[in-house]
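Next comes target-v2.pdb, with PDB, C-alpha atoms, pLDDT in the B column.
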```
MODEL        1
ATOM      1  CA  MET S 206      77.140 115.041 109.275  1.00 87.00           C
ATOM      2  CA  ASP S 207      78.850 117.571 107.029  1.00 95.00           C
ATOM      3  CA  LEU S 208      82.520 116.593 107.070  1.00 98.00           C
ATOM      4  CA  GLY S 209      83.520 120.025 105.831  1.00 98.00           C
ATOM      5  CA  ILE S 210      85.680 118.751 102.982  1.00 98.00           C
ATOM      6  CA  ALA S 211      83.422 119.243  99.954  1.00 98.00           C
ATOM      7  CA  GLY S 212      85.479 120.665  97.106  1.00 98.00           C
ATOM      8  CA  LYS S 213      88.773 119.321  98.461  1.00 98.00           C
ATOM      9  CA  ARG S 214      90.894 117.134  96.207  1.00 98.00           C
ATOM     10  CA  ALA S 215      92.095 113.675  97.287  1.00 98.00           C
ATOM     11  CA  LEU S 216      94.543 111.133  95.950  1.00 98.00           C
ATOM     12  CA  VAL S 217      93.453 107.628  96.939  1.00 98.00           C
ATOM     13  CA  CYS S 218      95.949 104.900  96.091  1.00 98.00           C
ATOM     14  CA  ALA S 219      94.950 101.334  95.171  1.00 96.00           C
ATOM     15  CA  SER S 220      91.341 102.457  94.945  1.00 97.00           C
ATOM     16  CA  SER S 221      89.811 100.307  92.195  1.00 97.00           C
ATOM     17  CA  LYS S 222      88.566  97.764  94.752  1.00 95.00           C
ATOM     18  CA  GLY S 223      88.655  96.730  98.385  1.00 94.00           C
ATOM     19  CA  LEU S 224      89.445  99.140 101.201  1.00 96.00           C
ATOM     20  CA  GLY S 225      90.873 101.779  98.881  1.00 97.00           C
ATOM     21  CA  LEU S 226      87.636 101.860  96.909  1.00 98.00           C
ATOM     22  CA  GLY S 227      85.689 102.131 100.156  1.00 98.00           C
ATOM     23  CA  CYS S 228      87.720 105.217 101.065  1.00 98.00           C
ATOM     24  CA  ALA S 229      87.327 106.763  97.614  1.00 98.00           C
ATOM     25  CA  GLU S 230      83.570 106.280  97.657  1.00 98.00           C
ATOM     26  CA  ALA S 231      83.120 107.735 101.138  1.00 98.00           C
ATOM     27  CA  LEU S 232      85.186 110.782 100.178  1.00 98.00           C
ATOM     28  CA  ALA S 233      83.202 111.219  96.946  1.00 98.00           C
ATOM     29  CA  GLU S 234      79.978 111.075  98.952  1.00 98.00           C
ATOM     30  CA  ALA S 235      81.397 113.900 101.098  1.00 98.00           C
ATOM     31  CA  GLY S 236      81.894 115.987  97.955  1.00 98.00           C
ATOM     32  CA  VAL S 237      85.633 115.449  97.534  1.00 98.00           C
ATOM     33  CA  HIS S 238      87.093 115.409  94.017  1.00 98.00           C
ATOM     34  CA  LEU S 239      89.192 112.320  93.434  1.00 98.00           C
ATOM     35  CA  VAL S 240      92.381 111.153  91.829  1.00 98.00           C
ATOM     36  CA  MET S 241      92.071 107.374  91.826  1.00 98.00           C
ATOM     37  CA  ASN S 242      95.001 105.084  91.218  1.00 98.00           C
ATOM     38  CA  ALA S 243      95.421 101.354  90.680  1.00 97.00           C
ATOM     39  CA  ARG S 244      97.446  99.043  88.483  1.00 96.00           C
ATOM     40  CA  GLY S 245      94.480  97.484  86.653  1.00 95.00           C
ATOM     41  CA  GLN S 246      93.007  99.959  84.202  1.00 96.00           C
ATOM     42  CA  GLU S 247      89.690  98.228  83.435  1.00 97.00           C
ATOM     43  CA  ALA S 248      88.388  98.032  87.013  1.00 97.00           C
ATOM     44  CA  LEU S 249      89.801 101.476  87.820  1.00 98.00           C
ATOM     45  CA  LEU S 250      88.030 103.195  84.930  1.00 98.00           C
ATOM     46  CA  ALA S 251      84.775 101.412  85.703  1.00 98.00           C
ATOM     47  CA  GLU S 252      84.786 102.520  89.342  1.00 98.00           C
ATOM     48  CA  ALA S 253      85.882 106.040  88.435  1.00 98.00           C
ATOM     49  CA  ASP S 254      82.912 106.343  86.061  1.00 98.00           C
ATOM     50  CA  ARG S 255      80.544 105.001  88.722  1.00 98.00           C
ATOM     51  CA  LEU S 256      81.699 107.417  91.420  1.00 98.00           C
ATOM     52  CA  ARG S 257      81.658 110.341  88.995  1.00 98.00           C
ATOM     53  CA  ASP S 258      78.105 109.558  87.906  1.00 98.00           C
ATOM     54  CA  THR S 259      76.812 108.743  91.392  1.00 98.00           C
ATOM     55  CA  TYR S 260      78.230 111.661  93.361  1.00 98.00           C
ATOM     56  CA  GLY S 261      78.828 114.355  90.735  1.00 98.00           C
ATOM     57  CA  VAL S 262      82.467 114.924  91.689  1.00 98.00           C
ATOM     58  CA  GLU S 263      85.478 115.205  89.424  1.00 98.00           C
ATOM     59  CA  VAL S 264      87.342 111.914  89.151  1.00 98.00           C
ATOM     60  CA  THR S 265      90.716 111.446  87.482  1.00 98.00           C
ATOM     61  CA  ALA S 266      91.820 107.840  87.030  1.00 98.00           C
ATOM     62  CA  VAL S 267      95.515 107.036  86.666  1.00 98.00           C
ATOM     63  CA  ALA S 268      96.489 103.427  85.983  1.00 98.00           C
ATOM     64  CA  ALA S 269     100.030 102.977  87.320  1.00 97.00           C
ATOM     65  CA  ASP S 270     102.046 100.997  89.836  1.00 96.00           C
ATOM     66  CA  ILE S 271     102.342 103.468  92.690  1.00 96.00           C
ATOM     67  CA  THR S 272     105.168 101.429  94.239  1.00 95.00           C
ATOM     68  CA  THR S 273     107.555 102.359  91.393  1.00 95.00           C
ATOM     69  CA  GLU S 274     109.239 105.701  90.760  1.00 96.00           C
ATOM     70  CA  GLU S 275     107.742 105.816  87.271  1.00 97.00           C
ATOM     71  CA  GLY S 276     104.278 105.077  88.571  1.00 97.00           C
ATOM     72  CA  ARG S 277     104.464 107.713  91.284  1.00 97.00           C
ATOM     73  CA  ALA S 278     105.696 110.320  88.812  1.00 97.00           C
ATOM     74  CA  LYS S 279     102.767 109.560  86.501  1.00 98.00           C
ATOM     75  CA  VAL S 280     100.231 109.799  89.316  1.00 98.00           C
ATOM     76  CA  LEU S 281     101.682 112.980  90.809  1.00 97.00           C
ATOM     77  CA  GLU S 282     101.791 114.702  87.428  1.00 97.00           C
ATOM     78  CA  ALA S 283      98.111 113.956  86.865  1.00 96.00           C
ATOM     79  CA  ALA S 284      97.110 114.747  90.444  1.00 96.00           C
ATOM     80  CA  GLY S 285      98.208 118.355  90.681  1.00 95.00           C
ATOM     81  CA  THR S 286      97.202 120.078  93.912  1.00 97.00           C
ATOM     82  CA  ILE S 287      96.124 117.549  96.543  1.00 98.00           C
ATOM     83  CA  ASP S 288      94.526 118.293  99.924  1.00 98.00           C
ATOM     84  CA  ILE S 289      93.970 114.708 101.082  1.00 98.00           C
ATOM     85  CA  LEU S 290      96.274 111.720 100.605  1.00 98.00           C
ATOM     86  CA  VAL S 291      95.148 108.171 101.325  1.00 98.00           C
ATOM     87  CA  ASN S 292      98.157 105.873 101.148  1.00 98.00           C
ATOM     88  CA  ASN S 293      97.333 102.276 100.344  1.00 96.00           C
ATOM     89  CA  ALA S 294      99.068  99.331  98.707  1.00 92.00           C
ATOM     90  CA  GLY S 295      98.483  95.613  98.759  1.00 85.00           C
ATOM     91  CA  GLY S 296     100.379  93.714 101.399  1.00 85.00           C
ATOM     92  CA  PRO S 297     103.218  91.293 100.652  1.00 87.00           C
ATOM     93  CA  PRO S 298     102.497  87.551 100.464  1.00 86.00           C
ATOM     94  CA  PRO S 299     102.284  85.389 103.581  1.00 85.00           C
ATOM     95  CA  GLY S 300     104.924  82.833 104.481  1.00 90.00           C
ATOM     96  CA  MET S 301     107.276  81.604 107.162  1.00 90.00           C
ATOM     97  CA  TRP S 302     110.271  83.433 108.559  1.00 90.00           C
ATOM     98  CA  THR S 303     112.564  80.886 106.929  1.00 91.00           C
ATOM     99  CA  ASP S 304     111.137  81.718 103.483  1.00 91.00           C
ATOM    100  CA  TRP S 305     112.129  85.363 103.241  1.00 92.00           C
ATOM    101  CA  GLU S 306     115.373  86.690 101.834  1.00 94.00           C
ATOM    102  CA  ARG S 307     116.711  90.212 101.529  1.00 95.00           C
ATOM    103  CA  ASP S 308     114.937  90.865  98.224  1.00 95.00           C
ATOM    104  CA  ASP S 309     111.605  89.924  99.789  1.00 94.00           C
ATOM    105  CA  PHE S 310     112.084  92.498 102.528  1.00 95.00           C
ATOM    106  CA  ILE S 311     113.207  95.167 100.069  1.00 95.00           C
ATOM    107  CA  ALA S 312     110.048  94.612  97.992  1.00 94.00           C
ATOM    108  CA  ALA S 313     107.873  94.832 101.105  1.00 95.00           C
ATOM    109  CA  LEU S 314     109.582  98.003 102.282  1.00 96.00           C
ATOM    110  CA  ASP S 315     109.264  99.591  98.837  1.00 95.00           C
ATOM    111  CA  ALA S 316     105.524  98.924  98.671  1.00 94.00           C
ATOM    112  CA  ASN S 317     104.381  99.430 102.247  1.00 95.00           C
ATOM    113  CA  MET S 318     106.866 101.868 103.761  1.00 97.00           C
ATOM    114  CA  LEU S 319     108.953 103.777 101.228  1.00 97.00           C
ATOM    115  CA  THR S 320     106.103 104.439  98.767  1.00 97.00           C
ATOM    116  CA  PRO S 321     103.843 106.167 101.320  1.00 98.00           C
ATOM    117  CA  ILE S 322     106.833 108.113 102.624  1.00 98.00           C
ATOM    118  CA  ALA S 323     107.666 109.275  99.084  1.00 98.00           C
ATOM    119  CA  LEU S 324     104.086 110.453  98.537  1.00 98.00           C
ATOM    120  CA  ILE S 325     104.043 112.229 101.890  1.00 98.00           C
ATOM    121  CA  LYS S 326     107.277 114.039 100.998  1.00 98.00           C
ATOM    122  CA  ALA S 327     105.883 114.989  97.587  1.00 98.00           C
ATOM    123  CA  LEU S 328     102.483 116.285  98.720  1.00 98.00           C
ATOM    124  CA  VAL S 329     102.677 117.440 102.332  1.00 98.00           C
ATOM    125  CA  PRO S 330     104.846 120.534 101.662  1.00 98.00           C
ATOM    126  CA  GLY S 331     102.069 121.956  99.471  1.00 98.00           C
ATOM    127  CA  MET S 332      99.499 121.190 102.155  1.00 98.00           C
ATOM    128  CA  MET S 333     101.665 123.027 104.692  1.00 98.00           C
ATOM    129  CA  GLU S 334     101.914 126.076 102.454  1.00 98.00           C
ATOM    130  CA  ARG S 335      98.115 126.165 102.142  1.00 98.00           C
ATOM    131  CA  GLY S 336      97.656 125.579 105.875  1.00 98.00           C
ATOM    132  CA  TRP S 337      95.458 122.475 105.592  1.00 98.00           C
ATOM    133  CA  GLY S 338      95.898 118.834 104.720  1.00 98.00           C
ATOM    134  CA  ARG S 339      95.063 115.292 105.682  1.00 98.00           C
ATOM    135  CA  VAL S 340      97.039 112.063 105.250  1.00 98.00           C
ATOM    136  CA  VAL S 341      95.613 108.658 106.144  1.00 98.00           C
ATOM    137  CA  ASN S 342      97.912 105.657 105.788  1.00 98.00           C
ATOM    138  CA  ILE S 343      96.138 102.334 105.519  1.00 97.00           C
ATOM    139  CA  THR S 344      98.436  99.997 107.396  1.00 96.00           C
ATOM    140  CA  SER S 345      97.384  96.847 109.265  1.00 93.00           C
ATOM    141  CA  VAL S 346      96.205  95.460 112.578  1.00 93.00           C
ATOM    142  CA  SER S 347      99.592  93.698 112.588  1.00 91.00           C
ATOM    143  CA  VAL S 348     101.152  96.974 113.770  1.00 92.00           C
ATOM    144  CA  LYS S 349      99.400  96.425 117.107  1.00 92.00           C
ATOM    145  CA  SER S 350      99.328  92.631 117.115  1.00 91.00           C
ATOM    146  CA  PRO S 351     101.851  90.954 114.796  1.00 88.00           C
ATOM    147  CA  ILE S 352     100.637  88.157 112.537  1.00 87.00           C
ATOM    148  CA  ALA S 353     103.261  85.420 112.248  1.00 89.00           C
ATOM    149  CA  VAL S 354     102.648  84.481 108.612  1.00 86.00           C
ATOM    150  CA  LEU S 355     102.662  88.164 107.586  1.00 89.00           C
ATOM    151  CA  GLY S 356     106.150  88.948 108.814  1.00 91.00           C
ATOM    152  CA  LEU S 357     106.997  91.010 105.741  1.00 94.00           C
ATOM    153  CA  SER S 358     103.943  93.168 106.314  1.00 93.00           C
ATOM    154  CA  ASN S 359     104.616  93.381 110.060  1.00 92.00           C
ATOM    155  CA  SER S 360     108.086  94.747 109.379  1.00 94.00           C
ATOM    156  CA  ALA S 361     107.296  97.255 106.650  1.00 96.00           C
ATOM    157  CA  ARG S 362     104.170  98.681 108.230  1.00 95.00           C
ATOM    158  CA  ALA S 363     105.824  99.018 111.622  1.00 95.00           C
ATOM    159  CA  GLY S 364     108.554 101.040 109.930  1.00 96.00           C
ATOM    160  CA  LEU S 365     106.000 103.395 108.382  1.00 97.00           C
ATOM    161  CA  THR S 366     104.296 103.742 111.769  1.00 97.00           C
ATOM    162  CA  GLY S 367     107.541 104.883 113.358  1.00 97.00           C
ATOM    163  CA  TYR S 368     108.102 107.418 110.590  1.00 97.00           C
ATOM    164  CA  VAL S 369     104.592 108.823 110.943  1.00 98.00           C
ATOM    165  CA  ALA S 370     104.870 109.103 114.731  1.00 97.00           C
ATOM    166  CA  GLY S 371     107.550 111.764 114.428  1.00 97.00           C
ATOM    167  CA  THR S 372     106.532 113.390 111.153  1.00 98.00           C
ATOM    168  CA  ALA S 373     102.889 113.895 112.176  1.00 98.00           C
ATOM    169  CA  ARG S 374     103.946 116.022 115.118  1.00 98.00           C
ATOM    170  CA  GLN S 375     106.242 118.143 112.988  1.00 98.00           C
ATOM    171  CA  VAL S 376     103.611 119.067 110.411  1.00 98.00           C
ATOM    172  CA  ALA S 377     100.575 119.429 112.708  1.00 98.00           C
ATOM    173  CA  PRO S 378     101.358 123.080 113.565  1.00 98.00           C
ATOM    174  CA  HIS S 379     100.890 123.829 109.854  1.00 98.00           C
ATOM    175  CA  GLY S 380      97.382 122.378 109.721  1.00 98.00           C
ATOM    176  CA  VAL S 381      98.419 119.041 108.227  1.00 98.00           C
ATOM    177  CA  ILE S 382      97.121 115.984 110.068  1.00 98.00           C
ATOM    178  CA  ILE S 383      98.639 112.531 109.527  1.00 98.00           C
ATOM    179  CA  ASN S 384      97.191 109.351 111.027  1.00 98.00           C
ATOM    180  CA  ASN S 385      97.124 105.626 110.328  1.00 98.00           C
ATOM    181  CA  LEU S 386      94.052 103.438 109.873  1.00 98.00           C
ATOM    182  CA  LEU S 387      94.617  99.802 110.851  1.00 97.00           C
ATOM    183  CA  PRO S 388      92.235  97.299 109.247  1.00 95.00           C
ATOM    184  CA  GLY S 389      91.568  93.951 110.766  1.00 92.00           C
ATOM    185  CA  LEU S 390      89.759  91.311 108.722  1.00 91.00           C
ATOM    186  CA  HIS S 391      87.586  92.874 106.043  1.00 92.00           C
ATOM    187  CA  ASP S 392      85.569  91.241 103.295  1.00 90.00           C
ATOM    188  CA  THR S 393      87.877  92.031 100.362  1.00 87.00           C
ATOM    189  CA  ASP S 394      89.771  90.172  97.653  1.00 82.00           C
ATOM    190  CA  ARG S 395      92.805  90.147  99.955  1.00 76.00           C
ATOM    191  CA  MET S 396      90.820  88.236 102.564  1.00 81.00           C
ATOM    192  CA  VAL S 397      89.586  85.768  99.959  1.00 83.00           C
ATOM    193  CA  SER S 398      93.227  85.135  99.053  1.00 80.00           C
ATOM    194  CA  LEU S 399      94.243  84.628 102.690  1.00 77.00           C
ATOM    195  CA  ASP S 400      91.251  82.384 103.395  1.00 84.00           C
ATOM    196  CA  THR S 401      92.133  80.346 100.326  1.00 86.00           C
ATOM    197  CA  GLY S 402      95.672  79.911 101.631  1.00 83.00           C
ATOM    198  CA  VAL S 403      94.374  78.703 105.001  1.00 85.00           C
ATOM    199  CA  SER S 404      91.942  76.285 103.351  1.00 87.00           C
ATOM    200  CA  GLN S 405      94.691  74.788 101.203  1.00 89.00           C
ATOM    201  CA  ALA S 406      97.147  74.531 104.081  1.00 87.00           C
ATOM    202  CA  GLN S 407      94.642  72.851 106.413  1.00 91.00           C
ATOM    203  CA  GLY S 408      92.707  70.860 103.833  1.00 91.00           C
ATOM    204  CA  ILE S 409      89.405  72.569 104.663  1.00 92.00           C
ATOM    205  CA  THR S 410      86.900  74.578 102.642  1.00 91.00           C
ATOM    206  CA  ILE S 411      87.135  78.345 102.286  1.00 86.00           C
ATOM    207  CA  GLU S 412      83.882  78.621 104.246  1.00 88.00           C
ATOM    208  CA  GLU S 413      85.411  76.616 107.092  1.00 88.00           C
ATOM    209  CA  ALA S 414      88.534  78.788 107.008  1.00 87.00           C
ATOM    210  CA  ARG S 415      86.378  81.910 107.218  1.00 89.00           C
ATOM    211  CA  THR S 416      84.368  80.459 110.112  1.00 90.00           C
ATOM    212  CA  GLN S 417      87.610  79.853 112.008  1.00 89.00           C
ATOM    213  CA  ARG S 418      88.683  83.465 111.566  1.00 87.00           C
ATOM    214  CA  VAL S 419      85.318  84.973 112.435  1.00 92.00           C
ATOM    215  CA  ALA S 420      85.239  82.940 115.655  1.00 92.00           C
ATOM    216  CA  ASN S 421      88.094  85.136 116.937  1.00 90.00           C
ATOM    217  CA  ILE S 422      86.337  88.432 116.144  1.00 95.00           C
ATOM    218  CA  PRO S 423      84.078  89.729 118.945  1.00 96.00           C
ATOM    219  CA  ALA S 424      81.902  91.528 116.377  1.00 96.00           C
ATOM    220  CA  GLY S 425      81.216  88.111 114.843  1.00 94.00           C
ATOM    221  CA  ARG S 426      81.892  89.041 111.227  1.00 94.00           C
ATOM    222  CA  TYR S 427      84.332  90.533 108.752  1.00 95.00           C
ATOM    223  CA  GLY S 428      84.299  94.285 108.299  1.00 95.00           C
ATOM    224  CA  THR S 429      82.940  95.949 105.162  1.00 95.00           C
ATOM    225  CA  ARG S 430      84.642  98.352 102.819  1.00 95.00           C
ATOM    226  CA  GLN S 431      81.803 100.833 103.379  1.00 97.00           C
ATOM    227  CA  GLU S 432      82.340 101.178 107.124  1.00 97.00           C
ATOM    228  CA  PHE S 433      86.087 101.287 106.610  1.00 98.00           C
ATOM    229  CA  GLY S 434      85.672 104.063 104.042  1.00 98.00           C
ATOM    230  CA  ALA S 435      83.412 106.040 106.373  1.00 98.00           C
ATOM    231  CA  THR S 436      86.052 105.888 109.111  1.00 98.00           C
ATOM    232  CA  CYS S 437      88.696 107.065 106.657  1.00 98.00           C
ATOM    233  CA  ALA S 438      86.493 109.957 105.520  1.00 98.00           C
ATOM    234  CA  PHE S 439      86.044 111.099 109.111  1.00 98.00           C
ATOM    235  CA  MET S 440      89.816 111.014 109.608  1.00 98.00           C
ATOM    236  CA  CYS S 441      90.093 113.288 106.566  1.00 98.00           C
ATOM    237  CA  SER S 442      87.405 115.665 107.810  1.00 98.00           C
ATOM    238  CA  GLN S 443      87.342 119.062 109.472  1.00 97.00           C
ATOM    239  CA  PHE S 444      86.734 117.272 112.785  1.00 98.00           C
ATOM    240  CA  ALA S 445      90.041 115.371 112.834  1.00 98.00           C
ATOM    241  CA  GLY S 446      92.283 118.364 113.433  1.00 97.00           C
ATOM    242  CA  TYR S 447      93.098 117.303 117.000  1.00 98.00           C
ATOM    243  CA  MET S 448      93.934 113.700 116.093  1.00 98.00           C
ATOM    244  CA  VAL S 449      97.675 113.627 115.456  1.00 98.00           C
ATOM    245  CA  GLY S 450      99.885 110.620 114.731  1.00 98.00           C
ATOM    246  CA  GLN S 451      97.351 108.040 115.904  1.00 98.00           C
ATOM    247  CA  ASN S 452      96.873 104.392 114.976  1.00 97.00           C
ATOM    248  CA  VAL S 453      93.149 103.766 114.681  1.00 97.00           C
ATOM    249  CA  LEU S 454      92.117 100.123 114.923  1.00 97.00           C
ATOM    250  CA  LEU S 455      89.130  98.961 112.891  1.00 97.00           C
ATOM    251  CA  ASP S 456      89.138  95.262 113.653  1.00 95.00           C
ATOM    252  CA  GLY S 457      85.847  94.285 115.272  1.00 96.00           C
ATOM    253  CA  GLY S 458      87.592  93.969 118.631  1.00 95.00           C
ATOM    254  CA  GLN S 459      89.976  91.230 117.531  1.00 93.00           C
ATOM    255  CA  VAL S 460      93.057  92.794 119.095  1.00 94.00           C
ATOM    256  CA  ASN S 461      92.650  92.021 122.791  1.00 91.00           C
ATOM    257  CA  THR S 462      94.403  94.892 124.508  1.00 87.00           C
ATOM    258  CA  THR S 463      93.538  97.621 126.991  1.00 86.00           C
ATOM    259  CA  LEU S 464      95.535 100.394 125.273  1.00 80.00           C
TER     260      LEU S 464
ENDMDL
END
```
I'd like the structure from this file rewritten - as structure tokens, please.
Amino acid sequence: MDLGIAGKRALVCASSKGLGLGCAEALAEAGVHLVMNARGQEALLAEADRLRDTYGVEVTAVAADITTEEGRAKVLEAAGTIDILVNNAGGPPPGMWTDWERDDFIAALDANMLTPIALIKALVPGMMERGWGRVVNITSVSVKSPIAVLGLSNSARAGLTGYVAGTARQVAPHGVIINNLLPGLHDTDRMVSLDTGVSQAQGITIEEARTQRVANIPAGRYGTRQEFGATCAFMCSQFAGYMVGQNVLLDGGQVNTTL
């Protein structure tokens, strides 16, 4: 399927690995030129070279912490005109509700709510002027079904979801489409970290921790970054123009709900 976005230019945050890399690769395969961002320069440059060589698209790599004002300024200066924005940032650490203080919530909000909002405010006006744009925010399945040990993430991502619900409907008449993509359990470094935490807490192996989690997924496995990226690319495509302000679950059926 021709997604109709070849030649567009996308900024994909936290795209040196994991779900962000899956999105960047799927967009590159569709012919989209990339601005890739991550904090770690070595992995970022390596993946940028690979995507450039594999798909023949322009790839600009900017090593910076997108959750800081300085990092965002550096990325936006290098990015220039952007048609597609994929907001992504690693989630805050797990814990118990008694563990978190005000500073913990402020850090979570900065990374997973205020940073994507800042990038939307910086880039969407230009998209509106040109009459076309796509924004996909990678949030979490916890928006639909809260995860107790990820209370910081639950809070910050729910806040972003509320912001998008109103904003998406304001910018849609100008050809700019904003939606959220909600990952469940995917086979990434983040999941290795969470599985390790479960194994240590319960005194079991990482393999046993993973088996426990998979048992609750009707699809019977973790998701892959490739299928996640393909879903993101569709949401950025010419065919997504009637999808406004939605929260798209990609969780293997784990969230047990009718709506």
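Nearest residue to Glu274 (chain S), choosing from S:Gly356, S:Pro321, S:Gly458, S:Gly402 and counting all atoms listed in the file: S:Pro321.
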Just so the selection is clear, what residues does the PyMOL selection byres ((chain S and resi 273) around 12) cover here, as a VMD selection string? chain S and resid 244 269 to 272 274 to 280 294 312 314 to 317 319 to 321 323 to 324
Kindly assemble as a Markdown table a list of the region 292-405 of chain S residues that lie within 7 Å of region 414-417 of chain S, each paired with its nearest atom pair and their distance in Å to one decimal, using all atoms listed in the file, sorted first by chain and then by ascending residue number.
```
| residue | atom | partner | partner_atom | distance |
| --- | --- | --- | --- | --- |
| S:Asp400 | CA | S:Ala414 | CA | 5.8 |
| S:Val403 | CA | S:Ala414 | CA | 6.2 |
| S:Ser404 | CA | S:Ala414 | CA | 5.6 |
```
Counting all atoms listed in the file, which of S:Lys222, S:Gly227, S:Ala248, S:Arg214 gets nearest to Glu263 (chain S)? S:Arg214
Find the residues near Ser442 (chain S): any atom within 12 Å, counting all atoms listed in the file, skip ones fewer than 5 places away on the same chain, and give them as a count of residues only. 29
List every protein, DNA or RNA residue that has an atom no more than 12 Å from (102.1, 97.4, 102.7) in the file's coordinate frame, counting all atoms listed in the file, and report them as a ChimeraX atom specification. /S:218-219,271-272,292-298,310-322,342-348,355-366,387-388
Tell me which of S:Gly408, S:Pro351, S:Gly434, S:Pro299 sits closest to Leu386 (chain S), counting all atoms listed in the file. S:Gly434
May I ask which of the residues S:Ile325, S:Val291, S:Val354, S:Ala420 is the closest one to Thr372 (chain S), counting all atoms listed in the file?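 Under the stated criterion, the closest residue is S:Ile325.
Taking CA of Phe439 (chain S) as the reference point, CA of Ala268 (chain S) is found at 26.5 Å.
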Would you compute, for all listed atoms of region 296-308 of chain S, the axis-aligned bounding box grown by 4 Å on each side, and then report its centre and edge lengths in Å rounded to one decimal, as JSON?
```
{"center_x": 108.5, "center_y": 87.3, "center_z": 103.4, "size_x": 24.3, "size_y": 20.8, "size_z": 18.3}
```
Nearest residue to Asn452 (chain S) out of S:Gly285, S:Gly300, S:Gly367, S:Gly336, using only C-alpha atoms?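 Looking at the shortest contact to Asn452 (chain S), the residue is S:Gly367.
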Separation of CA of Ala373 (chain S) and CA of Val217 (chain S), in Å?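 Spanning CA of Ala373 (chain S) to CA of Val217 (chain S) is a straight-line distance of 19.0 Å.
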Point-to-point distance from CA of Arg395 (chain S) to CA of Ser221 (chain S), Å rounded to tenths: 13.1 Å
